[in-house]
Amino acid sequence: MKKINYIFPIAAIALTSLFTACSPEDEQVLPKINNTIFEVDFKGASTKEFDETPYTNFAEAGTRKWEGKKDARSENEYYEFSPFQSNQQLNVAWFVTPAINIDAANVKRLTFQSSQHHVVNSTNNNLELYVSNNFTGDVATATWVKFEFKKPEAGSKNYVWVNSGGINLKEFSGNIHIAFKATGGTASANAGSYMIDNIKVF
């Protein structure tokens, strides 16, 4: 009987602790998940299996556009702008995402990766980032907001991917389009290439 007397209080305390530790679900503060609302890694881009249809790939100057490529060493696929041997003094190309409803994002941030090879002059051979909330298919008639980001430096090691850092898109609402604009030319000082990959909005 003494053993029972000792066990009962211990069991009762354990049960009481169990029930008091479990609060109703509506009283718990759960962490907010940063849901990804747009993500693309360009898988299949080099073999044309990637569906480019929802994107806008536009040559503003010259004829060179962004093109799906593949790194033979890592098997990674990405989009690249290369004015090398274009025989055109100026090449400017835009790669614009489909519409993204930024209101569906919790924190309204953009991240991506970029890389370069053989860029020696970032003044005339550069990569820029823009966002618009009134793009309808013509880059010339849309209003674009330019954003700075961490990018590969001219003269740095080729084919090294750089994380953009978190780009704050809180000033936007509704549908937006994200654009990557690259500039270069056939001259050797301006013929370096830029690559983009792993675009994510959350």
# chains A, B, ... in the order shown; residues from 1 in each chain; ligands from 1
>>> select_by_dssp(residues="region 64-128 of chain A", states="strand (DSSP E or B)", output="ChimeraX atom specification")
/A:67-70,77-81,91-96,100-101,109-117,126-128
>>> residues_around(residues="Asn163 (chain A)", least_positions_apart="6", cutoff="7 Å", atoms="only C-alpha atoms", output="list in words")
Phe112, Gln113, Ser114 and Lys150 of chain A
>>> residues_around(residues="Thr143 (chain A)", least_positions_apart="4", cutoff="9 Å", atoms="only C-alpha atoms", output="PyMOL selection string")
chain A and resi 131-135+139
>>> residues_around(residues="Thr97 (chain A)", least_positions_apart="5", cutoff="6 Å", atoms="only C-alpha atoms", output="number ranges by chain")
A: 55, 177-178
>>> residues_around(residues="Asn76 (chain A)", least_positions_apart="2", cutoff="12 Å", atoms="only C-alpha atoms", output="VMD selection string")
chain A and resid 41 to 46 68 to 74 78 to 79 159 161 195 to 198
>>> closest_residue(among="A:Ser82, A:Thr47, A:Asn106, A:Thr56", to="Leu127 (chain A)", atoms="only C-alpha atoms")
A:Ser82
>>> closest_atom_pairs(of="region 136-196 of chain A", to="region 116-119 of chain A", cutoff="10 Å", atoms="only C-alpha atoms", output="JSON lines")
{"residue": "A:Lys151", "atom": "CA", "partner": "A:Gln116", "partner_atom": "CA", "distance": 8.9}
{"residue": "A:Pro152", "atom": "CA", "partner": "A:Gln116", "partner_atom": "CA", "distance": 6.3}
{"residue": "A:Glu153", "atom": "CA", "partner": "A:Val119", "partner_atom": "CA", "distance": 8.0}
{"residue": "A:Ala154", "atom": "CA", "partner": "A:Val119", "partner_atom": "CA", "distance": 5.1}
{"residue": "A:Gly155", "atom": "CA", "partner": "A:Val119", "partner_atom": "CA", "distance": 6.0}
{"residue": "A:Ser156", "atom": "CA", "partner": "A:Val119", "partner_atom": "CA", "distance": 8.1}
{"residue": "A:Lys157", "atom": "CA", "partner": "A:His117", "partner_atom": "CA", "distance": 7.5}
{"residue": "A:Asn158", "atom": "CA", "partner": "A:His117", "partner_atom": "CA", "distance": 4.4}
{"residue": "A:Tyr159", "atom": "CA", "partner": "A:Gln116", "partner_atom": "CA", "distance": 5.7}
{"residue": "A:Val160", "atom": "CA", "partner": "A:Gln116", "partner_atom": "CA", "distance": 7.1}
{"residue": "A:Trp161", "atom": "CA", "partner": "A:Gln116", "partner_atom": "CA", "distance": 7.9}
{"residue": "A:Val162", "atom": "CA", "partner": "A:Gln116", "partner_atom": "CA", "distance": 9.3}
{"residue": "A:Gly184", "atom": "CA", "partner": "A:Val119", "partner_atom": "CA", "distance": 9.3}
{"residue": "A:Ser188", "atom": "CA", "partner": "A:His118", "partner_atom": "CA", "distance": 9.2}
{"residue": "A:Ala189", "atom": "CA", "partner": "A:Val119", "partner_atom": "CA", "distance": 7.7}
{"residue": "A:Asn190", "atom": "CA", "partner": "A:Val119", "partner_atom": "CA", "distance": 7.1}
{"residue": "A:Ala191", "atom": "CA", "partner": "A:Val119", "partner_atom": "CA", "distance": 7.0}
{"residue": "A:Gly192", "atom": "CA", "partner": "A:Val119", "partner_atom": "CA", "distance": 4.0}
{"residue": "A:Ser193", "atom": "CA", "partner": "A:His117", "partner_atom": "CA", "distance": 5.4}
{"residue": "A:Tyr194", "atom": "CA", "partner": "A:Gln116", "partner_atom": "CA", "distance": 4.4}
{"residue": "A:Met195", "atom": "CA", "partner": "A:Gln116", "partner_atom": "CA", "distance": 6.0}
{"residue": "A:Ile196", "atom": "CA", "partner": "A:Gln116", "partner_atom": "CA", "distance": 9.0}
>>> select_by_dssp(residues="region 78-200 of chain A", states="helix (DSSP H, G or I)", output="mmCIF file with N, CA, C and O atoms, in the first residue's frame")
data_model
loop_
_atom_site.group_PDB
_atom_site.id
_atom_site.type_symbol
_atom_site.label_atom_id
_atom_site.label_comp_id
_atom_site.auth_asym_id
_atom_site.auth_seq_id
_atom_site.Cartn_x
_atom_site.Cartn_y
_atom_site.Cartn_z
ATOM 1 N N ILE A 102 3.187 39.965 -55.880
ATOM 2 C CA ILE A 102 4.028 40.198 -54.708
ATOM 3 C C ILE A 102 3.222 40.225 -53.412
ATOM 4 O O ILE A 102 3.772 40.005 -52.321
ATOM 5 N N ASP A 103 1.909 40.440 -53.499
ATOM 6 C CA ASP A 103 1.070 40.453 -52.294
ATOM 7 C C ASP A 103 1.005 39.085 -51.630
ATOM 8 O O ASP A 103 0.656 38.974 -50.447
ATOM 9 N N ALA A 104 1.332 38.037 -52.368
ATOM 10 C CA ALA A 104 1.297 36.685 -51.811
ATOM 11 C C ALA A 104 2.542 36.364 -50.996
ATOM 12 O O ALA A 104 2.598 35.325 -50.333
ATOM 13 N N SER A 188 36.600 43.827 -77.699
ATOM 14 C CA SER A 188 37.123 42.898 -76.695
ATOM 15 C C SER A 188 36.955 43.412 -75.269
ATOM 16 O O SER A 188 36.776 42.623 -74.339
ATOM 17 N N ALA A 189 36.983 44.719 -75.088
ATOM 18 C CA ALA A 189 36.836 45.293 -73.748
ATOM 19 C C ALA A 189 35.395 45.222 -73.242
ATOM 20 O O ALA A 189 35.149 45.384 -72.043
ATOM 21 N N ASN A 190 34.458 44.966 -74.147
ATOM 22 C CA ASN A 190 33.040 44.972 -73.770
ATOM 23 C C ASN A 190 32.349 43.637 -74.035
ATOM 24 O O ASN A 190 31.126 43.564 -73.979
#
>>> closest_residue(among="A:Asn101, A:Gly166, A:Gly137, A:Ala93", to="Ile37 (chain A)", atoms="only C-alpha atoms")
A:Asn101
>>> residues_around(residues="Thr186 (chain A)", least_positions_apart="2", cutoff="6 Å", atoms="only C-alpha atoms", output="list in words")
Pro83, Phe84, Gln85, Ser86, Asn87, Gln88, Gln89 and Ala191 of chain A
>>> write_last_selection(atoms="N, CA and C atoms", output="PDB file, in the first residue's frame")
ATOM      1  N   PRO A  83      27.842  38.998 -75.629  1.00  0.00           N
ATOM      2  CA  PRO A  83      27.987  39.772 -76.857  1.00  0.00           C
ATOM      3  C   PRO A  83      29.223  39.387 -77.661  1.00  0.00           C
ATOM      4  N   PHE A  84      29.945  38.364 -77.210  1.00  0.00           N
ATOM      5  CA  PHE A  84      31.206  37.958 -77.846  1.00  0.00           C
ATOM      6  C   PHE A  84      30.991  37.622 -79.325  1.00  0.00           C
ATOM      7  N   GLN A  85      31.795  38.229 -80.180  1.00  0.00           N
ATOM      8  CA  GLN A  85      31.758  38.027 -81.631  1.00  0.00           C
ATOM      9  C   GLN A  85      30.371  38.305 -82.231  1.00  0.00           C
ATOM     10  N   SER A  86      29.674  39.268 -81.654  1.00  0.00           N
ATOM     11  CA  SER A  86      28.368  39.645 -82.216  1.00  0.00           C
ATOM     12  C   SER A  86      28.524  40.495 -83.471  1.00  0.00           C
ATOM     13  N   ASN A  87      29.725  41.069 -83.641  1.00  0.00           N
ATOM     14  CA  ASN A  87      29.990  41.989 -84.762  1.00  0.00           C
ATOM     15  C   ASN A  87      29.107  43.228 -84.698  1.00  0.00           C
ATOM     16  N   GLN A  88      28.631  43.516 -83.485  1.00  0.00           N
ATOM     17  CA  GLN A  88      27.809  44.702 -83.272  1.00  0.00           C
ATOM     18  C   GLN A  88      28.425  45.524 -82.139  1.00  0.00           C
ATOM     19  N   GLN A  89      28.546  46.810 -82.362  1.00  0.00           N
ATOM     20  CA  GLN A  89      29.215  47.672 -81.395  1.00  0.00           C
ATOM     21  C   GLN A  89      28.494  47.683 -80.047  1.00  0.00           C
ATOM     22  N   ALA A 191      33.109  42.592 -74.328  1.00  0.00           N
ATOM     23  CA  ALA A 191      32.510  41.346 -74.808  1.00  0.00           C
ATOM     24  C   ALA A 191      32.348  40.271 -73.737  1.00  0.00           C
TER      25      ALA A 191
END
>>> residues_around(residues="Glu148 (chain A)", least_positions_apart="4", cutoff="9 Å", atoms="only C-alpha atoms", output="PyMOL selection string")
chain A and resi 128-130+164+167
>>> write_last_selection(atoms="C-alpha atoms", output="PDB file, in the first residue's frame")
ATOM      1  CA  GLU A 128      21.460  45.636 -64.062  1.00  0.00           C
ATOM      2  CA  LEU A 129      18.336  44.708 -62.094  1.00  0.00           C
ATOM      3  CA  TYR A 130      14.936  46.376 -62.551  1.00  0.00           C
ATOM      4  CA  SER A 164      22.640  38.874 -54.708  1.00  0.00           C
ATOM      5  CA  ILE A 167      16.449  42.828 -52.378  1.00  0.00           C
TER       6      ILE A 167
END
>>> closest_residue(among="A:Val145, A:Val40, A:Ala59, A:Ala140", to="Glu171 (chain A)", atoms="only C-alpha atoms")
A:Val145
>>> decode(residues="region 88-106 of chain A", atoms="N, CA and C atoms", output="short mmCIF file (atom, residue, chain, number, x, y, z; two decimals), in the first residue's frame")
data_model
loop_
_atom_site.label_atom_id
_atom_site.label_comp_id
_atom_site.auth_asym_id
_atom_site.auth_seq_id
_atom_site.Cartn_x
_atom_site.Cartn_y
_atom_site.Cartn_z
N GLN A 88 28.63 43.52 -83.48
CA GLN A 88 27.81 44.70 -83.27
C GLN A 88 28.42 45.52 -82.14
N GLN A 89 28.55 46.81 -82.36
CA GLN A 89 29.21 47.67 -81.39
C GLN A 89 28.49 47.68 -80.05
N LEU A 90 27.17 47.60 -80.09
CA LEU A 90 26.40 47.64 -78.86
C LEU A 90 25.37 46.52 -78.84
N ASN A 91 25.35 45.79 -77.74
CA ASN A 91 24.32 44.78 -77.49
C ASN A 91 23.68 45.06 -76.13
N VAL A 92 22.37 45.17 -76.12
CA VAL A 92 21.61 45.36 -74.87
C VAL A 92 20.45 44.38 -74.89
N ALA A 93 20.35 43.54 -73.88
CA ALA A 93 19.30 42.52 -73.85
C ALA A 93 18.60 42.50 -72.50
N TRP A 94 17.29 42.29 -72.53
CA TRP A 94 16.46 42.20 -71.33
C TRP A 94 15.93 40.77 -71.19
N PHE A 95 15.91 40.30 -69.95
CA PHE A 95 15.26 39.03 -69.64
C PHE A 95 14.29 39.31 -68.50
N VAL A 96 12.99 39.20 -68.81
CA VAL A 96 11.95 39.63 -67.87
C VAL A 96 11.11 38.44 -67.42
N THR A 97 10.87 38.34 -66.13
CA THR A 97 10.10 37.22 -65.58
C THR A 97 8.62 37.37 -65.92
N PRO A 98 7.86 36.31 -65.76
CA PRO A 98 6.40 36.42 -65.84
C PRO A 98 5.90 37.30 -64.69
N ALA A 99 4.62 37.61 -64.71
CA ALA A 99 4.02 38.40 -63.63
C ALA A 99 4.09 37.62 -62.32
N ILE A 100 4.44 38.32 -61.25
CA ILE A 100 4.53 37.73 -59.92
C ILE A 100 3.66 38.56 -58.98
N ASN A 101 2.70 37.93 -58.33
CA ASN A 101 1.84 38.65 -57.38
C ASN A 101 2.58 38.81 -56.06
N ILE A 102 3.19 39.96 -55.88
CA ILE A 102 4.03 40.20 -54.71
C ILE A 102 3.22 40.22 -53.41
N ASP A 103 1.91 40.44 -53.50
CA ASP A 103 1.07 40.45 -52.29
C ASP A 103 1.01 39.08 -51.63
N ALA A 104 1.33 38.04 -52.37
CA ALA A 104 1.30 36.69 -51.81
C ALA A 104 2.54 36.36 -51.00
N ALA A 105 3.53 37.24 -51.03
CA ALA A 105 4.78 37.01 -50.30
C ALA A 105 4.68 37.56 -48.88
N ASN A 106 5.31 36.87 -47.94
CA ASN A 106 5.29 37.33 -46.55
C ASN A 106 6.23 38.50 -46.30
#
